[in-house]
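Pasting structure14.txt here (compact mmCIF, C-alpha atoms):
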```
# COMPACT_ATOMS: atom_id res chain seq x y z
CA MET A 1 133.51 315.02 178.81
CA ASP A 2 132.30 311.63 179.98
CA SER A 3 134.30 309.92 177.23
CA ILE A 4 137.53 311.35 178.65
CA LYS A 5 136.70 310.26 182.18
CA GLU A 6 135.66 306.79 181.03
CA GLY A 7 138.97 306.45 179.19
CA GLY A 8 141.03 307.21 182.28
CA ASP A 9 140.91 311.02 182.53
CA ILE A 10 144.11 311.34 180.48
CA PHE A 11 144.06 314.00 177.76
CA ALA A 12 146.08 316.49 175.73
CA VAL A 13 145.28 320.08 174.79
CA LEU A 14 145.43 321.38 171.21
CA ALA A 15 144.89 325.05 170.40
CA ASP A 16 145.51 327.64 167.71
CA GLU A 17 144.73 331.29 167.21
CA ALA A 18 142.21 332.72 164.77
CA VAL A 19 140.64 336.08 163.96
CA ASP A 20 136.88 336.35 163.48
CA LYS A 21 135.00 338.71 161.15
CA SER A 22 134.94 341.36 163.85
CA ASN A 23 138.75 341.22 163.97
CA ASN A 24 138.70 339.75 167.47
CA GLU A 25 141.25 337.12 168.48
CA GLN A 26 139.67 333.73 169.11
CA LEU A 27 141.22 330.61 170.62
CA PRO A 28 139.80 327.34 169.22
CA LEU A 29 140.40 324.55 171.72
CA VAL A 30 140.48 320.79 171.07
CA LEU A 31 141.00 317.92 173.50
CA ARG A 32 142.77 314.76 172.35
CA PHE A 33 142.26 311.58 174.34
CA VAL A 34 141.79 307.80 174.26
CA ASP A 35 138.22 306.67 174.93
CA SER A 36 137.03 303.56 176.76
CA GLU A 37 137.30 301.55 173.54
CA ARG A 38 140.96 302.55 173.19
CA GLN A 39 140.27 304.75 170.19
CA ILE A 40 142.15 308.02 169.77
CA ARG A 41 139.71 310.90 169.53
CA GLU A 42 139.90 314.64 169.10
CA GLU A 43 136.90 316.64 170.28
CA PHE A 44 136.39 320.33 169.53
CA VAL A 45 135.51 322.19 172.72
CA GLY A 46 134.81 325.69 171.43
CA TYR A 47 136.08 329.14 170.52
CA TYR A 48 137.16 331.48 173.29
CA GLU A 49 137.73 335.20 172.85
CA CYS A 50 141.17 336.44 173.83
CA GLN A 51 141.32 339.88 175.38
CA SER A 52 145.10 339.62 175.24
CA VAL A 53 147.43 337.44 173.18
CA THR A 54 150.18 337.05 175.75
CA GLY A 55 151.37 333.65 176.88
CA GLU A 56 149.99 334.27 180.35
CA ALA A 57 146.53 335.22 179.06
CA ILE A 58 146.33 332.21 176.71
CA ALA A 59 147.47 329.84 179.47
CA ASP A 60 144.84 331.23 181.85
CA ILE A 61 142.09 330.69 179.26
CA ILE A 62 143.14 327.09 178.61
CA LYS A 63 143.38 326.25 182.31
CA LYS A 64 140.01 327.85 183.06
CA VAL A 65 138.25 326.02 180.21
CA VAL A 66 139.66 322.65 181.30
CA CYS A 67 138.67 323.34 184.90
CA ASP A 68 135.15 324.40 183.88
CA LEU A 69 134.80 321.11 182.01
CA GLY A 70 135.38 319.27 185.26
CA LEU A 71 138.73 317.82 184.22
CA ASP A 72 141.87 317.56 186.31
CA PHE A 73 144.73 319.41 184.62
CA ASN A 74 147.16 317.15 186.47
CA LYS A 75 145.99 314.45 184.03
CA CYS A 76 146.97 316.55 181.02
CA ILE A 77 149.98 314.88 179.39
CA GLY A 78 150.47 316.98 176.28
CA GLN A 79 150.08 320.35 174.58
CA GLY A 80 150.08 321.10 170.87
CA TYR A 81 150.14 324.64 169.46
CA ASP A 82 151.57 326.54 166.52
CA GLY A 83 155.02 328.10 166.66
CA ALA A 84 154.01 331.63 167.68
CA GLY A 85 156.09 333.02 170.52
CA TYR A 86 153.16 333.62 172.85
CA MET A 87 152.08 330.00 172.38
CA ALA A 88 155.36 328.08 172.20
CA GLY A 89 157.93 330.47 173.69
CA SER A 90 160.30 328.59 175.98
CA CYS A 91 160.02 331.12 178.81
CA LYS A 92 156.82 333.16 178.57
CA GLY A 93 154.77 331.16 176.08
CA ALA A 94 151.48 329.54 177.08
CA ALA A 95 153.03 326.06 176.90
CA ALA A 96 155.88 326.97 179.26
CA ARG A 97 153.55 328.64 181.74
CA ILE A 98 151.25 325.61 181.84
CA MET A 99 154.20 323.22 182.25
CA ALA A 100 155.42 325.31 185.17
CA ASP A 101 152.21 324.39 187.02
CA TYR A 102 151.63 320.97 185.45
CA PRO A 103 154.97 319.31 184.54
CA LEU A 104 153.31 316.33 182.85
CA ALA A 105 151.71 318.60 180.23
CA LYS A 106 154.66 318.39 177.85
CA TYR A 107 154.70 320.62 174.77
CA PHE A 108 155.10 318.75 171.49
CA PHE A 109 156.58 320.60 168.54
CA HIS A 110 155.31 320.55 164.97
CA CYS A 111 155.57 317.45 162.84
CA ALA A 112 158.46 317.35 160.36
CA ALA A 113 156.20 318.43 157.48
CA HIS A 114 155.02 321.50 159.39
CA LYS A 115 158.60 322.43 160.27
CA LEU A 116 159.60 322.04 156.63
CA ASN A 117 156.76 324.32 155.58
CA LEU A 118 157.85 326.99 158.07
CA CYS A 119 161.42 326.74 156.78
CA VAL A 120 160.27 327.15 153.18
CA VAL A 121 158.14 330.17 154.05
CA SER A 122 161.03 331.72 155.97
CA THR A 123 163.61 331.17 153.25
CA CYS A 124 161.38 332.39 150.41
CA SER A 125 161.74 336.00 151.46
CA GLN A 126 162.92 337.09 148.01
CA GLN A 127 160.43 339.72 146.88
CA SER A 128 159.85 338.37 143.38
CA ILE A 129 159.01 334.90 144.76
CA ARG A 130 156.49 336.19 147.27
CA TYR A 131 155.02 338.52 144.65
CA THR A 132 154.64 335.61 142.24
CA MET A 133 152.87 333.46 144.84
CA ASP A 134 150.44 336.27 145.66
CA THR A 135 149.80 336.97 141.98
CA LEU A 136 149.13 333.31 141.16
CA GLY A 137 146.33 333.47 143.71
CA GLU A 138 144.99 336.63 142.08
CA PHE A 139 144.82 334.89 138.70
CA ALA A 140 142.81 332.00 140.16
CA ARG A 141 140.38 334.24 142.03
CA PHE A 142 139.89 336.53 139.03
CA PHE A 143 138.58 333.65 136.93
CA ASN A 144 136.96 331.48 139.62
CA PHE A 145 134.85 334.32 141.02
CA SER A 146 133.60 335.47 137.61
CA PRO A 147 131.53 332.97 135.55
CA PRO A 148 131.86 335.04 132.32
CA CYS A 149 135.65 335.19 132.67
CA GLN A 150 135.86 331.49 133.51
CA SER A 151 133.67 330.67 130.51
CA LEU A 152 135.98 332.62 128.21
CA LEU A 153 139.00 330.83 129.67
CA GLY A 154 137.34 327.46 129.09
CA ASP A 155 136.77 328.34 125.43
CA LYS A 156 140.38 329.44 125.00
CA VAL A 157 141.64 326.23 126.60
CA GLN A 158 139.58 324.15 124.19
CA GLU A 159 140.96 326.14 121.26
CA SER A 160 144.65 326.02 122.15
CA CYS A 161 144.88 322.94 124.40
CA PRO A 162 142.03 320.62 123.34
CA ARG A 163 143.60 317.63 125.09
CA SER A 164 144.17 319.42 128.37
CA LYS A 165 142.29 318.12 131.39
CA ARG A 166 142.63 321.50 133.06
CA GLU A 167 140.10 324.27 132.56
CA LYS A 168 140.30 326.07 135.90
CA LEU A 169 143.12 327.63 137.87
CA LEU A 170 143.62 326.47 141.45
CA ASP A 171 144.04 329.06 144.15
CA ILE A 172 147.26 329.18 146.12
CA CYS A 173 147.23 328.18 149.78
CA VAL A 174 148.79 331.08 151.67
CA THR A 175 149.69 329.05 154.77
CA ARG A 176 150.90 325.77 153.27
CA TRP A 177 153.66 326.31 150.74
CA ILE A 178 154.42 322.63 150.26
CA GLY A 179 152.10 319.80 149.30
CA HIS A 180 150.05 318.58 146.37
CA ARG A 181 147.69 321.55 146.10
CA GLN A 182 150.43 324.14 145.89
CA VAL A 183 152.34 322.26 143.20
CA ASP A 184 149.13 321.49 141.29
CA ALA A 185 148.19 325.18 141.36
CA ILE A 186 151.56 326.27 139.97
CA GLU A 187 151.70 323.49 137.37
CA GLY A 188 148.14 324.21 136.30
CA PHE A 189 148.88 327.87 135.79
CA LEU A 190 152.00 327.22 133.71
CA ASP A 191 150.18 324.61 131.61
CA LEU A 192 147.42 327.10 130.84
CA ALA A 193 149.63 330.19 130.56
CA GLU A 194 148.96 330.66 126.83
CA PRO A 195 145.13 330.45 126.99
CA VAL A 196 145.18 332.55 130.17
CA LEU A 197 147.17 335.24 128.36
CA ASP A 198 144.79 335.14 125.37
CA THR A 199 141.75 335.31 127.64
CA LEU A 200 143.08 338.29 129.57
CA GLU A 201 143.78 340.12 126.33
CA THR A 202 140.25 339.40 125.10
CA ILE A 203 138.71 340.62 128.35
CA ALA A 204 140.85 343.76 128.46
CA ASN A 205 139.81 344.68 124.90
CA ASN A 206 136.19 343.58 125.24
CA HIS A 207 133.66 346.16 124.05
CA THR A 208 130.49 344.05 124.20
CA GLY A 209 129.42 345.36 127.59
CA ILE A 210 129.31 341.86 129.10
CA LEU A 211 132.15 342.69 131.50
CA ASN A 212 132.41 345.85 133.57
CA SER A 213 135.28 348.31 133.54
CA ASP A 214 136.76 346.91 136.76
CA SER A 215 137.12 343.46 135.18
CA LYS A 216 138.75 344.97 132.12
CA ALA A 217 141.20 346.98 134.20
CA LYS A 218 142.06 343.97 136.35
CA ALA A 219 142.53 341.79 133.26
CA ASN A 220 144.82 344.39 131.73
CA GLY A 221 146.98 344.49 134.86
CA LEU A 222 147.22 340.69 135.06
CA TYR A 223 147.99 340.51 131.35
CA HIS A 224 151.04 342.74 131.73
CA THR A 225 152.14 340.70 134.75
CA ILE A 226 152.05 337.32 133.03
CA ALA A 227 153.78 338.74 129.97
CA THR A 228 156.99 339.46 131.89
CA PHE A 229 160.02 337.16 131.92
CA GLN A 230 160.57 337.71 135.64
CA PHE A 231 157.11 336.39 136.55
CA ILE A 232 157.29 333.30 134.32
CA PHE A 233 160.82 332.54 135.53
CA ALA A 234 159.79 332.80 139.19
CA ALA A 235 156.72 330.59 138.63
CA THR A 236 158.83 327.98 136.82
CA LEU A 237 161.43 328.04 139.58
CA LEU A 238 158.71 327.57 142.20
CA ARG A 239 157.31 324.59 140.31
CA GLU A 240 160.70 322.88 140.16
CA VAL A 241 161.49 323.44 143.84
CA MET A 242 158.01 322.59 145.12
CA SER A 243 157.96 319.40 143.05
CA LEU A 244 161.07 318.20 144.88
CA LEU A 245 159.45 318.90 148.25
CA ARG A 246 156.05 317.39 147.48
CA GLY A 247 157.18 313.81 148.12
CA LEU A 248 158.37 314.73 151.61
CA THR A 249 154.81 315.48 152.72
CA THR A 250 153.11 312.52 151.05
CA LYS A 251 152.16 309.36 152.89
CA HIS A 252 153.49 306.19 151.26
```

Turn the structure described in the file into structure tokens.
Amino acid sequence: MDSIKEGGDIFAVLADEAVDKSNNEQLPLVLRFVDSERQIREEFVGYYECQSVTGEAIADIIKKVVCDLGLDFNKCIGQGYDGAGYMAGSCKGAAARIMADYPLAKYFFHCAAHKLNLCVVSTCSQQSIRYTMDTLGEFARFFNFSPPCQSLLGDKVQESCPRSKREKLLDICVTRWIGHRQVDAIEGFLDLAEPVLDTLETIANNHTGILNSDSKAKANGLYHTIATFQFIFAATLLREVMSLLRGLTTKH
């Protein structure tokens, strides 16, 4: 932490919550500061297991870690967390509890792009839309995690769309509904819908023994999904709406 002290001891705390493979809550902690060369830096401090995910417990962990690092929390001038109640709640959240002891440690809300993403996720509660997003991810993983299936898809793309630059489906990002990747994933799927449908039919009816019964059953289920008007309509609607939002999260 010498770099923080050399830069004037002023810093901000950034944290989020995560779940490890053992299903234990972990708190990754990052310190943001200006070093002696007046460069803004963000340094990862570590992961800290949370026995409880209350605002009080999270605040205690953050204060203890900062203290153990030999830093003065009175020099903390900012906090940045996600929007979860136990992190950002105005009364009992970790940010509020820390500000009660250290008034200079102001809590800064999400950037506009993050807020927009949360609004989109919240408003897209219509079941068919959420189902379509989840299923688009299933299509991508079905092909991307199976070389034989991906090879068949590549052949079908060359047959029906020889000029297409796409041969693979992009997976959907489950936490970021807006942005280039999400739109590219939806557009890519719709562009390759015909060869994808043909490939799934081939896999479902395959009797060569190259693919196991699980792959055939999965392909059959996905085939009947993509062949419905409701699914194609929802995917097309998502593409149109997400395309309008993409520019709002792009740096110019």

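Atom CA of A:Glu240 to atom CA of A:Ala219 spans 27.1 Å [interatomic distance, one decimal].
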
Subject >> Atomic distance atom CA of A:Lys156 - atom CA of A:Val241, expressed in Å with one decimal >> reply: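 It comes out at 28.9 Å.
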
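Remark: for A:Arg41, the closest of the candidate residues A:Thr202, A:Ser3, A:Gln79, A:Ser125 is A:Ser3 (distances computed over all atoms listed in the file).
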
Subject >> Within 12 Å of A:Asp82 using only C-alpha atoms, minus same-chain residues under 4 positions, as a list in words >> reply: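 Near neighbours after the sequence-gap exclusion: Leu14, Ala15, Asp16, Glu17, Ala18, Leu27, Tyr86, Met87, Ala88, Gly89, Gly93, Ala94, Ala95, Tyr107, Phe108, Phe109, His110, Cys111, His114, Lys115 and Leu118 of chain A.
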
**OP:** Name the residues in contact with A:Gly188 at a cut-off of 9 Å, using only C-alpha atoms, excluding same-chain residues fewer than 2 positions from it; report them as a list of chain:residue names.
**Re:**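 Selected residues are A:Arg166, A:Glu167, A:Lys168, A:Leu169, A:Leu170, A:Val183, A:Asp184, A:Ala185, A:Ile186, A:Leu190, A:Asp191, A:Leu192, A:Ala193.
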
Original post:
Which is closest to A:Leu248 among A:Ala113, A:Ala217, A:Val19, A:Ala57, if we use all atoms listed in the file?
Top reply: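 For A:Leu248, the nearest of the given residues is A:Ala113.
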
**OP:** Find, counting all atoms listed in the file, the residue in A:Asn117, A:Gln51, A:Gln39, A:Thr236 that gets nearest to A:Met133.
**Re:**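 The answer is A:Thr236, which sits nearest to A:Met133.
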
Original post:
Nearest to A:Arg97: which of A:Ala204, A:Val120, A:Ala59, A:Ala227 is it, counting all atoms listed in the file?
Top reply: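 Among the listed residues, the smallest separation from A:Arg97 belongs to A:Ala59.
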
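With atom CA of A:Arg32 on one side and atom CA of A:Ile61 on the other, the separation reads 17.4 Å.
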
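Counting all atoms listed in the file, A:Asn74 has the following residues at most 12 Å away, ignoring those fewer than 6 positions along the same chain: A:Asp9, A:Ile10, A:Phe11, A:Ala12, A:Lys63, A:Val66, A:Cys67, A:Ile98, A:Met99, A:Ala100, A:Asp101, A:Tyr102, A:Pro103, A:Leu104, A:Ala105, A:Lys106.
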